[in-house]
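> Enclosed is the structure file final_23.cif (mmCIF, C-alpha atoms).
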data_query
#
loop_
_atom_site.label_atom_id
_atom_site.label_comp_id
_atom_site.auth_asym_id
_atom_site.auth_seq_id
_atom_site.Cartn_x
_atom_site.Cartn_y
_atom_site.Cartn_z
CA MET L 1 10.56 28.66 -16.95
CA LEU L 2 7.79 30.30 -14.97
CA SER L 3 8.75 31.42 -11.51
CA TYR L 4 7.97 34.17 -9.01
CA ARG L 5 8.69 37.72 -10.12
CA PRO L 6 8.47 40.51 -7.55
CA GLY L 7 5.81 43.07 -8.38
CA SER L 8 2.84 45.03 -7.12
CA THR L 9 0.11 43.90 -9.48
CA PHE L 10 -3.41 43.09 -8.28
CA ALA L 11 -2.48 39.38 -8.24
CA HIS L 12 0.65 40.06 -6.17
CA ARG L 13 -1.38 41.85 -3.50
CA LEU L 14 -3.85 38.97 -2.99
CA ASP L 15 -3.64 36.52 -0.13
CA PRO L 16 -2.15 33.21 -1.36
CA ARG L 17 -5.08 31.30 0.16
CA SER L 18 -7.58 33.07 -2.04
CA LYS L 19 -5.35 32.53 -5.09
CA LEU L 20 -5.00 28.83 -4.29
CA LEU L 21 -8.75 28.57 -4.00
CA VAL L 22 -9.18 30.23 -7.41
CA GLN L 23 -6.69 27.78 -8.94
CA PHE L 24 -8.41 24.72 -7.55
CA GLY L 25 -11.82 26.17 -8.34
CA LEU L 26 -10.88 26.86 -11.95
CA ALA L 27 -9.33 23.39 -12.33
CA ILE L 28 -12.61 21.85 -11.20
CA ALA L 29 -14.69 24.24 -13.33
CA ALA L 30 -12.57 23.75 -16.44
CA VAL L 31 -13.03 20.00 -16.54
CA ALA L 32 -16.68 20.07 -15.47
CA HIS L 33 -18.19 20.61 -18.93
CA PRO L 34 -16.33 19.55 -22.07
CA THR L 35 -18.23 21.95 -24.34
CA LEU L 36 -16.94 24.75 -26.54
CA PRO L 37 -18.82 27.66 -24.86
CA TRP L 38 -17.61 26.49 -21.45
CA LEU L 39 -14.06 26.25 -22.77
CA VAL L 40 -14.28 29.78 -24.14
CA GLY L 41 -15.63 31.07 -20.81
CA THR L 42 -12.95 29.43 -18.65
CA THR L 43 -10.21 30.53 -21.04
CA ALA L 44 -11.51 34.13 -20.92
CA PHE L 45 -11.44 33.96 -17.12
CA ALA L 46 -7.89 32.58 -17.21
CA LEU L 47 -6.80 35.41 -19.52
CA GLY L 48 -8.28 37.80 -16.94
CA THR L 49 -6.02 36.29 -14.26
CA LEU L 50 -3.02 36.80 -16.55
CA ALA L 51 -4.04 40.46 -16.92
CA ALA L 52 -4.29 40.73 -13.13
CA ALA L 53 -0.70 39.49 -12.91
CA ARG L 54 0.36 41.63 -15.92
CA LEU L 55 1.54 38.59 -17.81
CA SER L 56 1.65 38.33 -21.58
CA PRO L 57 -0.43 35.34 -22.78
CA LEU L 58 2.10 34.75 -25.57
CA ALA L 59 5.01 34.63 -23.13
CA VAL L 60 3.09 32.15 -20.98
CA LEU L 61 2.30 29.96 -23.99
CA ARG L 62 5.97 30.05 -24.94
CA SER L 63 6.91 28.87 -21.44
CA TYR L 64 4.51 25.95 -21.75
CA ARG L 65 5.51 25.10 -25.33
CA VAL L 66 6.84 21.61 -24.54
CA VAL L 67 3.77 20.70 -22.49
CA LEU L 68 1.45 22.12 -25.16
CA ALA L 69 3.32 20.36 -27.99
CA VAL L 70 2.92 16.98 -26.27
CA LEU L 71 -0.72 17.68 -25.44
CA ALA L 72 -1.32 18.65 -29.08
CA LEU L 73 -0.29 15.15 -30.14
CA ALA L 74 -3.23 13.62 -28.27
CA PRO L 75 -5.91 14.51 -30.90
CA VAL L 76 -3.64 13.08 -33.61
CA VAL L 77 -3.19 9.83 -31.70
CA ALA L 78 -6.92 9.71 -30.97
CA GLY L 79 -7.84 10.21 -34.64
CA VAL L 80 -5.46 7.70 -36.19
CA ALA L 81 -7.24 4.54 -37.34
CA LEU L 82 -5.63 1.22 -38.23
CA GLY L 83 -7.72 0.88 -41.40
CA PRO L 84 -9.56 3.10 -43.89
CA PRO L 85 -10.24 5.99 -43.57
CA TRP L 86 -6.94 5.96 -41.52
CA PHE L 87 -7.94 9.14 -39.68
CA ARG L 88 -11.28 9.69 -37.93
CA VAL L 89 -12.26 13.29 -37.21
CA ASP L 90 -14.80 12.76 -34.41
CA PRO L 91 -12.46 11.19 -31.83
CA ALA L 92 -9.78 13.72 -32.77
CA LEU L 93 -12.18 16.63 -32.14
CA ARG L 94 -13.33 15.09 -28.89
CA SER L 95 -9.73 14.76 -27.76
CA ALA L 96 -8.95 18.34 -28.86
CA LEU L 97 -11.80 19.60 -26.69
CA HIS L 98 -10.48 17.63 -23.70
CA VAL L 99 -6.96 18.97 -24.20
CA GLY L 100 -8.34 22.50 -24.65
CA ARG L 101 -9.84 22.34 -21.14
CA ILE L 102 -6.32 22.12 -19.73
CA LEU L 103 -5.22 25.43 -21.28
CA PRO L 104 -7.04 27.72 -18.78
CA VAL L 105 -5.69 25.62 -15.90
CA LEU L 106 -2.16 26.18 -17.19
CA LEU L 107 -2.77 29.91 -17.62
CA VAL L 108 -4.13 30.41 -14.10
CA SER L 109 -1.29 28.31 -12.76
CA ALA L 110 1.17 30.66 -14.51
CA ALA L 111 -0.52 33.72 -12.93
CA TYR L 112 -0.20 32.08 -9.50
CA LEU L 113 3.42 31.03 -9.95
CA THR L 114 4.60 34.44 -11.06
CA SER L 115 2.70 36.42 -8.42
CA THR L 116 3.21 34.24 -5.33
CA PRO L 117 6.52 33.63 -3.55
CA VAL L 118 7.04 30.03 -2.43
CA ARG L 119 7.15 31.13 1.20
CA ASP L 120 3.60 32.54 0.89
CA THR L 121 2.29 29.18 -0.30
CA ARG L 122 4.17 27.52 2.53
CA ALA L 123 2.48 29.89 5.01
CA ALA L 124 -0.91 29.22 3.41
CA VAL L 125 -0.41 25.44 3.70
CA GLN L 126 0.64 25.79 7.33
CA ARG L 127 -2.43 27.88 8.13
CA LEU L 128 -4.92 25.88 6.09
CA ILE L 129 -3.89 22.50 7.55
CA PRO L 130 -4.34 22.63 11.30
CA GLY L 131 -2.11 21.13 13.96
CA LYS L 132 0.99 19.01 13.59
CA PRO L 133 0.36 17.92 9.97
CA GLY L 134 0.27 21.59 8.90
CA GLN L 135 3.47 22.32 10.80
CA ILE L 136 5.28 19.31 9.37
CA LEU L 137 4.25 20.20 5.82
CA GLY L 138 4.99 23.92 6.24
CA ILE L 139 8.45 23.45 7.73
CA GLY L 140 9.11 20.54 5.38
CA MET L 141 8.31 22.69 2.32
CA ALA L 142 10.69 25.40 3.48
CA LEU L 143 13.45 22.83 4.02
CA VAL L 144 12.89 21.09 0.66
CA VAL L 145 13.13 24.42 -1.17
CA ARG L 146 16.34 25.17 0.72
CA LEU L 147 17.91 21.73 0.18
CA PHE L 148 16.79 20.95 -3.39
CA PRO L 149 19.67 22.89 -5.07
CA LEU L 150 22.21 21.15 -2.81
CA VAL L 151 20.86 17.67 -3.50
CA LEU L 152 20.65 18.45 -7.22
CA ALA L 153 24.30 19.56 -7.14
CA ASP L 154 25.17 16.29 -5.33
CA VAL L 155 23.43 14.17 -7.98
CA ARG L 156 25.07 16.11 -10.84
CA GLU L 157 28.46 15.76 -9.16
CA VAL L 158 27.97 11.99 -8.85
CA ARG L 159 26.91 11.78 -12.50
CA ASP L 160 29.92 13.81 -13.63
CA ALA L 161 32.25 11.65 -11.52
CA ILE L 162 30.84 8.50 -13.17
CA HIS L 163 31.35 10.08 -16.62
CA ALA L 164 34.90 11.13 -15.73
CA ARG L 165 35.71 7.48 -14.97
CA GLY L 166 34.41 6.28 -18.31
CA GLY L 167 31.04 5.32 -16.85
CA GLU L 168 29.24 5.97 -20.14
CA ALA L 169 30.79 2.78 -21.50
CA ARG L 170 29.32 0.68 -18.69
CA PRO L 171 25.96 -1.08 -19.00
CA LEU L 172 22.93 1.13 -18.25
CA ARG L 173 22.01 -1.00 -15.24
CA ASP L 174 25.43 -0.43 -13.61
CA ARG L 175 25.41 3.30 -14.30
CA VAL L 176 21.97 3.78 -12.81
CA ARG L 177 22.79 1.60 -9.78
CA LEU L 178 25.96 3.61 -9.11
CA LEU L 179 24.16 6.92 -9.53
CA ALA L 180 21.29 5.82 -7.26
CA VAL L 181 23.58 4.43 -4.54
CA ARG L 182 25.96 7.38 -4.38
CA SER L 183 23.17 9.98 -4.59
CA LEU L 184 21.19 8.19 -1.91
CA GLU L 185 24.21 7.93 0.38
CA ARG L 186 24.87 11.65 0.11
CA THR L 187 21.20 12.45 0.62
CA LEU L 188 20.91 10.28 3.72
CA ASP L 189 24.12 11.77 5.12
CA ARG L 190 22.58 15.21 4.67
CA SER L 191 19.45 13.91 6.43
CA ASP L 192 21.55 12.76 9.41
CA ARG L 193 23.23 16.17 9.65
CA LEU L 194 19.91 18.02 9.35
CA SER L 195 18.41 15.76 12.00
CA ALA L 196 21.27 16.50 14.42
CA ALA L 197 21.00 20.24 13.67
CA LEU L 198 17.24 20.31 14.31
CA ARG L 199 17.60 18.40 17.58
CA ALA L 200 20.42 20.71 18.67
CA ARG L 201 18.08 23.64 18.04
CA CYS L 202 15.24 22.12 20.13
CA PHE L 203 12.96 21.41 17.16
CA ALA L 204 9.53 21.70 18.79
CA TRP L 205 5.88 21.31 17.93
CA ASN L 206 5.21 24.64 19.63
CA PRO L 207 8.17 26.73 18.56
CA THR L 208 6.64 30.04 19.66
CA LEU L 209 8.77 31.27 22.50
CA PRO L 210 7.09 31.81 25.89
CA PRO L 211 6.37 35.47 26.71
CA LEU L 212 9.19 37.24 28.46
CA ALA L 213 8.79 40.01 31.03
CA PHE L 214 11.36 41.80 33.13
CA GLU L 215 10.86 41.49 36.90
CA ARG L 216 12.28 43.98 39.41
CA ARG L 217 15.18 41.65 40.14
CA ASP L 218 16.23 41.65 36.51
CA TYR L 219 17.10 45.36 36.38
CA PRO L 220 20.30 45.27 38.44
CA VAL L 221 21.42 42.25 36.44
CA LEU L 222 20.64 44.15 33.23
CA ALA L 223 22.67 47.11 34.50
CA VAL L 224 25.58 44.81 35.22
CA GLY L 225 25.35 43.40 31.76
CA ILE L 226 25.37 46.85 30.14
CA ALA L 227 28.25 47.94 32.31
CA LEU L 228 30.25 44.91 31.33
CA SER L 229 29.47 45.54 27.67
CA VAL L 230 30.74 49.12 27.70
CA SER L 231 33.60 48.41 30.06
CA PRO L 232 36.23 48.27 27.29
CA LEU L 233 35.49 51.98 26.64
CA VAL L 234 36.56 52.99 30.14
CA PRO L 235 40.26 53.89 30.25
CA VAL L 236 42.10 51.93 32.83
CA MET N 1 -2.73 35.49 35.03
CA ALA N 2 0.35 34.54 33.11
CA THR N 3 0.14 31.21 31.33
CA GLU N 4 3.10 28.94 31.03
CA GLN N 5 3.53 26.63 28.10
CA SER N 6 6.20 23.95 28.14
CA VAL N 7 8.17 23.30 24.98
CA ASP N 8 6.77 20.26 23.24
CA LEU N 9 9.93 18.88 21.65
CA VAL N 10 9.59 16.68 18.60
CA ASP N 11 10.91 13.27 19.63
CA ASP N 12 14.19 12.10 18.11
CA GLU N 13 12.63 9.29 16.07
CA THR N 14 10.14 11.68 14.45
CA VAL N 15 12.90 14.22 13.71
CA GLY N 16 14.89 11.46 11.97
CA LEU N 17 11.90 10.36 9.88
CA PHE N 18 10.97 13.97 9.09
CA THR N 19 14.45 14.89 7.85
CA LYS N 20 14.61 11.71 5.75
CA ALA N 21 11.24 12.64 4.22
CA VAL N 22 12.51 16.17 3.48
CA LEU N 23 15.73 14.92 1.88
CA LEU N 24 13.97 12.20 -0.13
CA ALA N 25 11.55 14.87 -1.42
CA ALA N 26 14.59 16.92 -2.47
CA LEU N 27 16.19 13.82 -4.03
CA THR N 28 13.00 13.05 -5.98
CA ALA N 29 13.09 16.62 -7.26
CA ALA N 30 16.77 16.29 -8.20
CA LEU N 31 16.29 12.95 -9.95
CA ALA N 32 13.42 14.47 -11.97
CA GLN N 33 15.99 16.80 -13.57
CA ILE N 34 18.36 13.97 -14.55
CA SER N 35 17.69 11.47 -17.29
CA ILE N 36 20.00 9.16 -19.20
CA PRO N 37 19.65 9.34 -22.98
CA LEU N 38 19.02 5.97 -24.60
CA PRO N 39 20.07 5.09 -28.14
CA GLY N 40 17.73 5.48 -31.12
CA PRO N 41 14.09 6.43 -30.73
CA LEU N 42 13.87 5.21 -27.13
CA VAL N 43 12.54 7.63 -24.51
CA PRO N 44 15.20 8.99 -22.07
CA PHE N 45 15.71 6.89 -18.95
CA SER N 46 14.12 8.97 -16.16
CA LEU N 47 15.33 8.41 -12.61
CA GLN N 48 12.30 9.96 -10.91
CA PRO N 49 10.60 6.70 -9.80
CA PHE N 50 13.56 5.97 -7.52
CA GLY N 51 12.28 8.73 -5.22
CA MET N 52 8.99 6.85 -4.81
CA PHE N 53 10.73 3.47 -4.41
CA PHE N 54 13.17 4.57 -1.72
CA ALA N 55 10.61 6.74 0.10
CA GLY N 56 8.34 3.68 0.47
CA LEU N 57 11.16 1.27 1.40
CA LEU N 58 13.01 3.54 3.81
CA LEU N 59 10.16 5.45 5.41
CA GLY N 60 7.04 3.29 5.33
CA PRO N 61 3.56 4.39 4.29
CA LEU N 62 3.17 7.51 6.42
CA TRP N 63 6.53 9.23 6.08
CA GLY N 64 7.06 7.90 2.56
CA GLY N 65 3.77 9.58 1.67
CA VAL N 66 4.88 12.77 3.45
CA ALA N 67 8.07 12.81 1.35
CA LEU N 68 6.17 12.64 -1.96
CA LEU N 69 3.48 15.05 -0.69
CA LEU N 70 6.21 17.58 0.16
CA TYR N 71 7.61 17.14 -3.34
CA LEU N 72 4.21 17.85 -4.89
CA LEU N 73 3.46 20.81 -2.60
CA VAL N 74 6.82 22.45 -3.26
CA GLY N 75 6.22 22.07 -7.00
CA ILE N 76 2.69 23.48 -6.74
CA ALA N 77 4.12 26.40 -4.73
CA GLY N 78 6.39 27.28 -7.64
CA ALA N 79 9.78 25.65 -7.04
CA PRO N 80 11.01 24.17 -10.34
CA VAL N 81 11.08 20.57 -9.10
CA PHE N 82 9.08 18.74 -11.74
CA SER N 83 10.69 17.29 -14.90
CA ASN N 84 12.62 19.87 -16.96
CA GLY N 85 12.30 22.47 -14.21
CA ASN N 86 8.52 22.77 -14.46
CA ALA N 87 6.27 23.85 -11.59
CA GLY N 88 2.68 24.68 -10.74
CA ILE N 89 -0.63 22.93 -10.34
CA GLY N 90 -1.20 23.11 -14.09
CA TYR N 91 1.78 20.80 -14.59
CA VAL N 92 0.52 18.39 -11.89
CA ILE N 93 -2.76 18.13 -13.77
CA ALA N 94 -1.47 18.17 -17.34
CA GLY N 95 2.17 17.17 -17.12
CA GLN N 96 3.42 16.36 -20.55
CA GLY N 97 0.25 14.43 -21.17
CA SER N 98 1.14 12.37 -18.11
CA GLY N 99 0.34 14.56 -15.12
CA GLY N 100 -1.36 11.77 -13.20
CA PHE N 101 1.97 10.07 -12.73
CA LEU N 102 3.01 12.67 -10.17
CA VAL N 103 -0.02 11.85 -8.04
CA GLY N 104 0.64 8.16 -8.80
CA PHE N 105 4.11 8.46 -7.28
CA LEU N 106 2.58 9.77 -4.06
CA VAL N 107 0.06 6.93 -3.78
CA GLY N 108 2.71 4.45 -4.98
CA ALA N 109 5.08 5.43 -2.14
CA VAL N 110 2.26 4.91 0.39
CA VAL N 111 1.35 1.50 -1.10
CA ALA N 112 5.00 0.35 -1.32
CA GLY N 113 5.59 1.43 2.29
CA ALA N 114 2.41 -0.27 3.53
CA ILE N 115 3.25 -3.58 1.85
CA ALA N 116 6.95 -3.52 2.78
CA HIS N 117 6.53 -2.55 6.44
CA ARG N 118 2.94 -3.62 7.20
CA SER N 119 2.74 -0.91 9.84
CA VAL N 120 2.98 2.87 10.02
CA ALA N 121 6.37 2.70 11.78
CA PRO N 122 9.07 1.63 9.32
CA LYS N 123 11.38 -1.31 10.04
CA PRO N 124 15.09 -1.12 9.23
CA VAL N 125 15.37 -1.57 5.49
CA ALA N 126 17.81 -4.50 5.98
CA ALA N 127 15.00 -6.43 7.68
CA LEU N 128 12.90 -6.44 4.49
CA SER N 129 13.24 -9.63 2.47
CA ALA N 130 13.86 -9.40 -1.28
CA PRO N 131 10.45 -10.95 -2.22
CA VAL N 132 8.66 -8.44 0.01
CA GLN N 133 10.57 -5.58 -1.63
CA VAL N 134 9.74 -6.88 -5.09
CA VAL N 135 6.03 -7.22 -4.26
CA ALA N 136 5.95 -3.75 -2.63
CA LEU N 137 7.65 -1.99 -5.53
CA THR N 138 5.66 -3.91 -8.17
CA ALA N 139 2.47 -2.81 -6.41
CA ALA N 140 3.76 0.77 -6.48
CA VAL N 141 4.41 0.57 -10.25
CA VAL N 142 0.94 -0.93 -10.79
CA VAL N 143 -0.60 1.91 -8.78
CA VAL N 144 1.30 4.53 -10.79
CA TYR N 145 -0.11 3.15 -14.05
CA ALA N 146 -3.55 2.49 -12.54
CA ILE N 147 -3.77 6.21 -11.75
CA GLY N 148 -1.73 7.57 -14.66
CA ILE N 149 -3.55 5.86 -17.54
CA PRO N 150 -7.12 6.89 -16.55
CA TRP N 151 -5.71 10.34 -15.75
CA MET N 152 -4.30 10.53 -19.26
CA TRP N 153 -7.68 9.44 -20.66
CA PHE N 154 -9.35 12.20 -18.62
CA VAL N 155 -6.89 14.92 -19.64
CA THR N 156 -6.43 14.06 -23.31
CA GLY N 157 -9.68 12.31 -24.21
CA LEU N 158 -7.71 9.37 -25.61
CA PRO N 159 -9.53 6.04 -25.29
CA LEU N 160 -8.19 4.02 -22.35
CA THR N 161 -6.70 1.37 -24.62
CA ARG N 162 -4.78 4.00 -26.58
CA ALA N 163 -3.62 5.75 -23.41
CA ALA N 164 -2.37 2.36 -22.19
CA ALA N 165 -0.65 1.73 -25.54
CA VAL N 166 1.10 5.13 -25.35
CA MET N 167 2.39 4.32 -21.87
CA ALA N 168 3.29 0.66 -22.55
CA PRO N 169 6.92 1.37 -23.66
CA TYR N 170 7.65 2.82 -20.23
CA ILE N 171 6.69 -0.38 -18.36
CA PRO N 172 9.87 -2.41 -19.10
CA LEU N 173 11.98 0.59 -18.09
CA ASP N 174 10.08 0.90 -14.80
CA LEU N 175 10.56 -2.82 -14.13
CA LEU N 176 14.30 -2.38 -14.76
CA LYS N 177 14.30 0.52 -12.25
CA LEU N 178 12.45 -1.70 -9.79
CA GLY N 179 15.14 -4.38 -10.17
CA ILE N 180 17.90 -1.82 -9.63
CA ALA N 181 16.20 -0.45 -6.48
CA VAL N 182 15.93 -3.97 -5.02
CA ALA N 183 19.57 -4.66 -5.98
CA VAL N 184 20.64 -1.49 -4.15
CA VAL N 185 18.87 -2.62 -0.97
CA GLN N 186 20.09 -6.23 -1.30
CA GLY N 187 23.62 -4.97 -1.89
CA GLY N 188 23.57 -3.70 1.69
CA TYR N 189 24.14 -0.07 0.68
CA LEU N 190 21.28 1.10 2.91
CA ASN N 191 21.99 -1.09 5.93
CA GLY N 192 21.78 0.86 9.15
CA ARG N 193 19.49 3.43 7.56
#
Once you've parsed the file, please lay out its structure as structure tokens.


Amino acid sequence: MLSYRPGSTFAHRLDPRSKLLVQFGLAIAAVAHPTLPWLVGTTAFALGTLAAARLSPLAVLRSYRVVLAVLALAPVVAGVALGPPWFRVDPALRSALHVGRILPVLLVSAAYLTSTPVRDTRAAVQRLIPGKPGQILGIGMALVVRLFPLVLADVREVRDAIHARGGEARPLRDRVRLLAVRSLERTLDRSDRLSAALRARCFAWNPTLPPLAFERRDYPVLAVGIALSVSPLVPV
Amino acid sequence: MATEQSVDLVDDETVGLFTKAVLLAALTAALAQISIPLPGPLVPFSLQPFGMFFAGLLLGPLWGGVALLLYLLVGIAGAPVFSNGNAGIGYVIAGQGSGGFLVGFLVGAVVAGAIAHRSVAPKPVAALSAPVQVVALTAAVVVVYAIGIPWMWFVTGLPLTRAAAVMAPYIPLDLLKLGIAVAVVQGGYLNGR
């Protein structure tokens, strides 16, 4: 699977906002003109982004093999006819061209994924979306990334517990209901605990702390504090 | 002159809705990794739509939408939260020929929440009658296909009728999931949430 790899390539050194813009821009450009020259141009650009991230195109294609295999079925489905000649070339070619437009989008996406840590995208979202919505989405993204492995472990544990009790023999409807109920209960319990933890930590819209400055009266108090801290060193 | 800024605490109700949205986004991501194999040539039974269903029913249109938006953003940022551990904007667009369904889940959660709660602030889920839940979740499923099928046409160039025919086998499974979600709520498992 494609995921962030630390590095110092040209792509790694770019600001995530500019990389996001390139991704969205290429996605729009790629689907704008379903013609072969345009497809060649956008694919060449996408290969350039892979070079900027020092990624092997073959390795990227291997990572996307399931997606590409399913997409490759589309021209076949489009070409099949229910009567003679049983397969029509024109719709199949048209579909192949449409599917081909997605390839550069996948390649650029791979360059972004491997060169950008999740926290950078979170920071970009928080800066690009002003005010409270940006804060909610930024903090929310960080928390989802943190909690996803725990919730996944919960769901797997519930599934394994159902299996251990012979759940595979039960009707599908019962198995799914049990899995949904138990997973949801655990998830909502986690939500309650997270909610209490955030409130206990004064979760605020303006979390930046107010500026601190020592006044004259603070110094003697500071001296007392230091003295108390080193007091165990003084032999009594 | 020194400026003083008071701490603008997030109110308790918003914190509760926010953490539910975060955890339901994580649950949607977890359920996307779990599917139940079905016998014969049937497609595996994916649990992912439950994230959309429960986000809409528990959180209403605004926070239900936030939950699914967080799920999409985290996936676009690179966390492996889409089906089979996939990530990235390329997967949102292409998927496995069905990328539009991810965006459909987001809009579906908003629509389900809007119909179920008829206001931005969600009611307790126990206060929602079964017919309202059924209508809300059916509308969400309709929205998912209304976005997903044209999206598939756009991505693959398949005629709309063929794209619809490819997706048709999934509809009975989604209706079964809808029935299970309503049964979970009616069973009182989410009372007090």

> Assuming the chain letters and numbering stay as they are in my file, what does the PyMOL selection byres ((chain L and resi 183) around 10) actually select? List them as a ChimeraX atom specification.

/L:151-159,177-182,184-189 /N:27,30-31

> Can you tell me which residues surround N:Leu69 at a distance of at most 12 Å, considering all atoms listed in the file, apart from same-chain residues fewer than 4 positions away, and format the answer as an MDAnalysis selection string?

(chainID L and resid 125 133 136:138 140:141 144) or (chainID N and resid 21:22 24:26 28:29 51:52 55 61:65 73:76 102:110)

> Determine the nearest neighbour of L:Leu2 from the options L:Pro91, L:Pro149, L:Pro34, L:Pro117, counting all atoms listed in the file.

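So, comparing all the options, the nearest one is L:Pro117.
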
> For chain N, which residues have at least one atom within 6 Å of chain L, if we go by all atoms listed in the file? Write them as a ChimeraX atom specification, please.

/N:8-10,15-16,19-20,22-23,26,30,70,74,77-78,88-90,96-97,156-158,180

> Rounded to one decimal in Å, what is the spacing between atom CA of L:Arg17 and atom CA of L:Arg5?

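Computing the Euclidean distance for atom CA of L:Arg17 and atom CA of L:Arg5 yields 18.3 Å.
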
> Taking the file as shown, what set of residues would the PyMOL selection byres ((chain N and resi 139) around 12) give back, as an mmCIF file with C-alpha atoms, in the coordinates of the input?


data_model
loop_
_atom_site.group_PDB
_atom_site.id
_atom_site.type_symbol
_atom_site.label_atom_id
_atom_site.label_comp_id
_atom_site.auth_asym_id
_atom_site.auth_seq_id
_atom_site.Cartn_x
_atom_site.Cartn_y
_atom_site.Cartn_z
ATOM 1 C CA MET N 52 8.990 6.850 -4.810
ATOM 2 C CA PHE N 53 10.730 3.470 -4.410
ATOM 3 C CA GLY N 56 8.340 3.680 0.470
ATOM 4 C CA GLY N 104 0.640 8.160 -8.800
ATOM 5 C CA PHE N 105 4.110 8.460 -7.280
ATOM 6 C CA VAL N 107 0.060 6.930 -3.780
ATOM 7 C CA GLY N 108 2.710 4.450 -4.980
ATOM 8 C CA ALA N 109 5.080 5.430 -2.140
ATOM 9 C CA VAL N 110 2.260 4.910 0.390
ATOM 10 C CA VAL N 111 1.350 1.500 -1.100
ATOM 11 C CA ALA N 112 5.000 0.350 -1.320
ATOM 12 C CA GLY N 113 5.590 1.430 2.290
ATOM 13 C CA ALA N 114 2.410 -0.270 3.530
ATOM 14 C CA ILE N 115 3.250 -3.580 1.850
ATOM 15 C CA ALA N 116 6.950 -3.520 2.780
ATOM 16 C CA VAL N 132 8.660 -8.440 0.010
ATOM 17 C CA GLN N 133 10.570 -5.580 -1.630
ATOM 18 C CA VAL N 134 9.740 -6.880 -5.090
ATOM 19 C CA VAL N 135 6.030 -7.220 -4.260
ATOM 20 C CA ALA N 136 5.950 -3.750 -2.630
ATOM 21 C CA LEU N 137 7.650 -1.990 -5.530
ATOM 22 C CA THR N 138 5.660 -3.910 -8.170
ATOM 23 C CA ALA N 140 3.760 0.770 -6.480
ATOM 24 C CA VAL N 141 4.410 0.570 -10.250
ATOM 25 C CA VAL N 142 0.940 -0.930 -10.790
ATOM 26 C CA VAL N 143 -0.600 1.910 -8.780
ATOM 27 C CA VAL N 144 1.300 4.530 -10.790
ATOM 28 C CA TYR N 145 -0.110 3.150 -14.050
ATOM 29 C CA ALA N 146 -3.550 2.490 -12.540
ATOM 30 C CA ASP N 174 10.080 0.900 -14.800
ATOM 31 C CA LEU N 175 10.560 -2.820 -14.130
ATOM 32 C CA LEU N 178 12.450 -1.700 -9.790
#

> Expressed in Å to a single decimal, how great is the separation between atom CA of N:Ala32 and atom CA of N:Phe82?

6.1 Å

> Please evaluate the PyMOL selection byres ((chain N and resi 193) around 7) against the displayed coordinates and give the resulting residues as a PyMOL selection string.

chain N and resi 124-125+190-192

> Between atom CA of N:Ala165 and atom CA of N:Ile149, measure the distance and give it in Å to one decimal.

9.5 Å
